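> One structure, pasted below without further comment.
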Amino acid sequence: MKAGVIGAGAWGTALAQTLSSQGEDVCLWALEPEVVEAVNRDHLNPLYLPGIPLNASVRATGDMADMADRDLLLIVSPAQHLRGVVAGLPAGVPLILCSKGIEAGTTLLMSEVAQQAQPGSPIAVLSGPTFAHEVAKGLPTAITLACGDAELGSRIAARIARPAFRPYLSDDIVGAEIGGAVKNVLAIACGVAEGAGLGLNARASLISRGFAEMTRFGLARGARAETLSGLSGLGDLVLTCSSTNSRNFSLGKGLGEGRPASELLANRRTVAEGAFTAPVLREAARAAMVEMPVVEAVCALLEDAAPLGQVIDALLARPLRPE
């Protein structure tokens, strides 16, 4: 097995650690030279995954040419950079997309972007409830692996499965991707509720009504309801909306405490994908004539379009309707 992981943030590093857990050769591409040096010299990634000793078989590189001999590539770049990254990869190598988002300007899902950028490569999607530090520590994790080719999906699942890392196969790529993208925006909303002191009742309401929005949008884009209620949809939503370990929840908490979005985003080294996905999701939902009031509220806060109290009051004043 000669796997490559593109992107040495927390999640990419955790995946490299998991894949190398049985001594497999894993090459991890990093943008920052200091990350490459730390991984190769100290077997650590203190910038993005501090405190986790990495397996010696994880080798880091800053040269994309080192991925030429890999027979499986996991793409963990930020969603808005995925097109450029994929276009520069070797053709024909199976690509497992681990980035969660919707492309700005096109409203395409990551699999659709990858198919345009690298039409000769088979595509699969890995998505689900995963905090990187827990995966890197070998704590039990279940995740969705979506692939349109059942035989290829089975081969990939067998290669990435570990005793504590359990992939569940699906052929619903759209559903797996929409769950992963939408939950990031909804996690910001739940963080806002936490930061504003709105209570656990409000958070539970946001999770359930947000899930209804996710389902409406997913069905409109061709997803299956059972995928959205599985690991990559509801499972990931519950995890991401429950802890400040989530970058998106943490961002929302800051907004709920009254801090401006510009300040919160400027001070971040890591990417809160929901902040970039929210306006694109709003555009896609409007185009599909799908009502997503929680997403609209998050966009208003991210754009400083209305004060926090006004945004909350507008949600609570919406007309009563059947569930």
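Identifiers in the structure tokens: chain A, B, ... in order shown; residue index from 1 per chain; ligand index from 1 in order shown.
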I need the residues of segment 208-296 of chain A that end up classed as helix (DSSP H, G or I) by DSSP on the backbone, written out as a PyMOL selection string.

chain A and resi 208-220+225-228+231-240+247-256+261-266+273-287+293-296

> Can you pull out every residue within 10 Å of Ile160 of chain A, counting only C-alpha atoms, but drop anything in the same chain fewer than 6 positions away, and send it as a CSV table (one decimal) with C-alpha atoms, in the first residue's frame?


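So out.csv came out as:
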```
chain,number,residue,atom,x,y,z
A,1,MET,CA,0.0,0.0,0.0
A,3,ALA,CA,-1.1,6.0,-0.1
A,15,LEU,CA,-5.7,10.2,8.3
A,18,THR,CA,-4.4,6.0,10.7
A,19,LEU,CA,-3.3,4.6,7.3
A,20,SER,CA,0.2,4.1,8.6
A,145,LEU,CA,-17.2,5.9,2.3
A,166,ARG,CA,-14.7,1.5,10.5
A,167,PRO,CA,-15.9,2.7,7.0
```

> Extract, using only C-alpha atoms, all DNA, RNA and protein residues at most 8 Å from Ala16 of chain A, discarding same-chain residues fewer than 4 positions from it, and format them as a PDB file with N, CA, C and O atoms, in the first residue's frame.


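The result, stored in part_30.pdb:
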```
ATOM      1  N   GLY A   4      -1.141   8.365  -0.474  1.00  0.00           N
ATOM      2  CA  GLY A   4      -0.730   9.741  -0.295  1.00  0.00           C
ATOM      3  C   GLY A   4      -1.868  10.543   0.297  1.00  0.00           C
ATOM      4  O   GLY A   4      -3.046  10.286  -0.012  1.00  0.00           O
ATOM      5  N   VAL A   5      -1.534  11.497   1.140  1.00  0.00           N
ATOM      6  CA  VAL A   5      -2.520  12.386   1.741  1.00  0.00           C
ATOM      7  C   VAL A   5      -2.137  13.814   1.381  1.00  0.00           C
ATOM      8  O   VAL A   5      -1.022  14.258   1.688  1.00  0.00           O
ATOM      9  N   GLY A  12      -5.964  15.795   7.822  1.00  0.00           N
ATOM     10  CA  GLY A  12      -5.056  15.095   6.930  1.00  0.00           C
ATOM     11  C   GLY A  12      -3.986  14.335   7.683  1.00  0.00           C
ATOM     12  O   GLY A  12      -3.648  13.187   7.358  1.00  0.00           O
ATOM     13  N   SER A  20      -1.105   4.631   8.342  1.00  0.00           N
ATOM     14  CA  SER A  20       0.235   4.095   8.581  1.00  0.00           C
ATOM     15  C   SER A  20       0.311   3.241   9.848  1.00  0.00           C
ATOM     16  O   SER A  20       1.403   2.828  10.248  1.00  0.00           O
ATOM     17  N   VAL A  26       3.152   5.922   3.954  1.00  0.00           N
ATOM     18  CA  VAL A  26       2.211   7.012   3.697  1.00  0.00           C
ATOM     19  C   VAL A  26       2.989   8.300   3.488  1.00  0.00           C
ATOM     20  O   VAL A  26       3.826   8.676   4.311  1.00  0.00           O
ATOM     21  N   CYS A  27       2.711   8.975   2.386  1.00  0.00           N
ATOM     22  CA  CYS A  27       3.349  10.254   2.075  1.00  0.00           C
ATOM     23  C   CYS A  27       2.340  11.374   2.309  1.00  0.00           C
ATOM     24  O   CYS A  27       1.232  11.352   1.750  1.00  0.00           O
ATOM     25  N   LEU A  28       2.711  12.333   3.142  1.00  0.00           N
ATOM     26  CA  LEU A  28       1.831  13.429   3.540  1.00  0.00           C
ATOM     27  C   LEU A  28       2.345  14.735   2.948  1.00  0.00           C
ATOM     28  O   LEU A  28       3.459  15.178   3.260  1.00  0.00           O
ATOM     29  N   VAL A  58       5.114   7.585   8.391  1.00  0.00           N
ATOM     30  CA  VAL A  58       4.538   8.783   7.772  1.00  0.00           C
ATOM     31  C   VAL A  58       5.688   9.691   7.340  1.00  0.00           C
ATOM     32  O   VAL A  58       6.468  10.158   8.161  1.00  0.00           O
TER      33      VAL A  58
END
```

> Enumerate as a list in words all residues of segment 79-172 of chain A assigned to strand (DSSP E or B) by DSSP on the backbone, naming them with the chain letters and numbers the document uses.

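Here is the list: Leu95, Ile96, Leu97, Ile102, Leu109, Ile123, Ala124, Val125, Leu126, Ser127, Thr141, Ala142, Ile143, Thr144, Leu145, Ala146, Cys147, Arg162, Phe165, Arg166, Pro167, Tyr168, Leu169 and Ser170 of chain A.
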
> Here is a test: counting only C-alpha atoms, which residue of A:Leu47, A:Ile156, A:Asp149, A:Asn201 is nearest to Asp71 of chain A?

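Distance minimum relative to Asp71 of chain A lands on A:Ile156.
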
> Here is a test: counting only C-alpha atoms, which residue of A:His133, A:Arg216, A:Arg203, A:Arg259 is nearest to Tyr48 of chain A?

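Among A:His133, A:Arg216, A:Arg203, A:Arg259, it is A:His133 that comes nearest to Tyr48 of chain A.
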
> Which residues come within 12 Å of Glu263 of chain A, counting only C-alpha atoms, excluding same-chain residues fewer than 6 positions away, as a PDB file with N, CA and C atoms, in the first residue's frame?


```
ATOM      1  N   LEU A 251     -16.304  29.017  16.092  1.00  0.00           N
ATOM      2  CA  LEU A 251     -16.542  30.281  15.393  1.00  0.00           C
ATOM      3  C   LEU A 251     -17.911  30.843  15.768  1.00  0.00           C
ATOM      4  N   GLY A 254     -18.036  32.412  19.206  1.00  0.00           N
ATOM      5  CA  GLY A 254     -17.508  33.766  19.207  1.00  0.00           C
ATOM      6  C   GLY A 254     -18.521  34.773  18.690  1.00  0.00           C
ATOM      7  N   LEU A 255     -19.250  34.406  17.642  1.00  0.00           N
ATOM      8  CA  LEU A 255     -20.289  35.291  17.116  1.00  0.00           C
ATOM      9  C   LEU A 255     -21.380  35.512  18.159  1.00  0.00           C
ATOM     10  N   LEU A 302     -22.417  36.254   9.681  1.00  0.00           N
ATOM     11  CA  LEU A 302     -21.078  36.254   9.088  1.00  0.00           C
ATOM     12  C   LEU A 302     -20.818  37.519   8.281  1.00  0.00           C
ATOM     13  N   GLU A 303     -21.879  38.067   7.703  1.00  0.00           N
ATOM     14  CA  GLU A 303     -21.738  39.263   6.865  1.00  0.00           C
ATOM     15  C   GLU A 303     -22.000  40.548   7.644  1.00  0.00           C
ATOM     16  N   ASP A 304     -22.215  40.420   8.948  1.00  0.00           N
ATOM     17  CA  ASP A 304     -22.539  41.585   9.787  1.00  0.00           C
ATOM     18  C   ASP A 304     -23.718  42.364   9.206  1.00  0.00           C
TER      19      ASP A 304
END
```

> What does the distance from atom CA of Ala114 of chain A to atom CA of Asn184 of chain A come to in Å, to one decimal?

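Separation between atom CA of Ala114 of chain A and atom CA of Asn184 of chain A: 20.6 Å.
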
> By how many Å are atom CA of Pro319 of chain A and atom CA of Met292 of chain A apart?

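That distance, rounded to one decimal, is 14.1 Å.
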
> Would you list the contacts of segment 161-165 of chain A as an MDAnalysis selection string, taking every protein, DNA or RNA residue within 8 Å and counting only C-alpha atoms, but skipping same-chain residues closer than 4 positions in sequence?

chainID A and resid 18 135 138:143 157

> Which residues, written as a PDB file with N, CA and C atoms, in the first residue's frame, have at least one atom at most 8 Å from Val113 of chain A, with only C-alpha atoms counted and residues fewer than 4 positions away on the same chain left out?


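This went into around-v2.pdb:
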```pdb
ATOM      1  N   LEU A  82      -9.741  22.953  -3.767  1.00  0.00           N
ATOM      2  CA  LEU A  82      -9.679  21.570  -4.230  1.00  0.00           C
ATOM      3  C   LEU A  82      -9.490  21.468  -5.746  1.00  0.00           C
ATOM      4  N   ARG A  83     -10.124  22.332  -6.507  1.00  0.00           N
ATOM      5  CA  ARG A  83     -10.026  22.259  -7.970  1.00  0.00           C
ATOM      6  C   ARG A  83      -8.569  22.354  -8.428  1.00  0.00           C
ATOM      7  N   GLU A 103     -18.307  24.527  -3.837  1.00  0.00           N
ATOM      8  CA  GLU A 103     -17.419  25.486  -4.496  1.00  0.00           C
ATOM      9  C   GLU A 103     -18.119  26.807  -4.770  1.00  0.00           C
ATOM     10  N   LEU A 108     -20.894  23.789  -7.077  1.00  0.00           N
ATOM     11  CA  LEU A 108     -20.656  22.362  -7.301  1.00  0.00           C
ATOM     12  C   LEU A 108     -20.158  21.690  -6.030  1.00  0.00           C
ATOM     13  N   LEU A 109     -20.542  20.428  -5.852  1.00  0.00           N
ATOM     14  CA  LEU A 109     -20.001  19.616  -4.776  1.00  0.00           C
ATOM     15  C   LEU A 109     -18.568  19.223  -5.115  1.00  0.00           C
ATOM     16  N   ALA A 117     -11.988  18.614 -12.893  1.00  0.00           N
ATOM     17  CA  ALA A 117     -10.559  18.920 -12.857  1.00  0.00           C
ATOM     18  C   ALA A 117      -9.694  17.731 -13.244  1.00  0.00           C
TER      19      ALA A 117
END
```

> If I take atom CA of Ala223 of chain A and atom CA of Gly84 of chain A, how far is one from the other in Å, to one decimal?

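Distance reported for this atom pair: 26.1 Å.
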
> Between A:Glu37, A:Asp25, A:Asp236, A:Asp172, which one has atoms that come closest to Ala150 of chain A, using only C-alpha atoms?

A:Asp172

> Any idea what's packed within 10 Å of Glu273 of chain A, counting only C-alpha atoms, ignoring anything in its chain fewer than 6 positions away? Could you give it as a PyMOL selection string?

chain A and resi 78-80+99-102+181-182+184-185+247-248

> Go through A:Gly197, A:Pro279, A:Pro260, A:Gly148 and flag the residue nearest Pro307 of chain A, using only C-alpha atoms for the distances.

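For Pro307 of chain A, the nearest of the candidates is A:Pro260.
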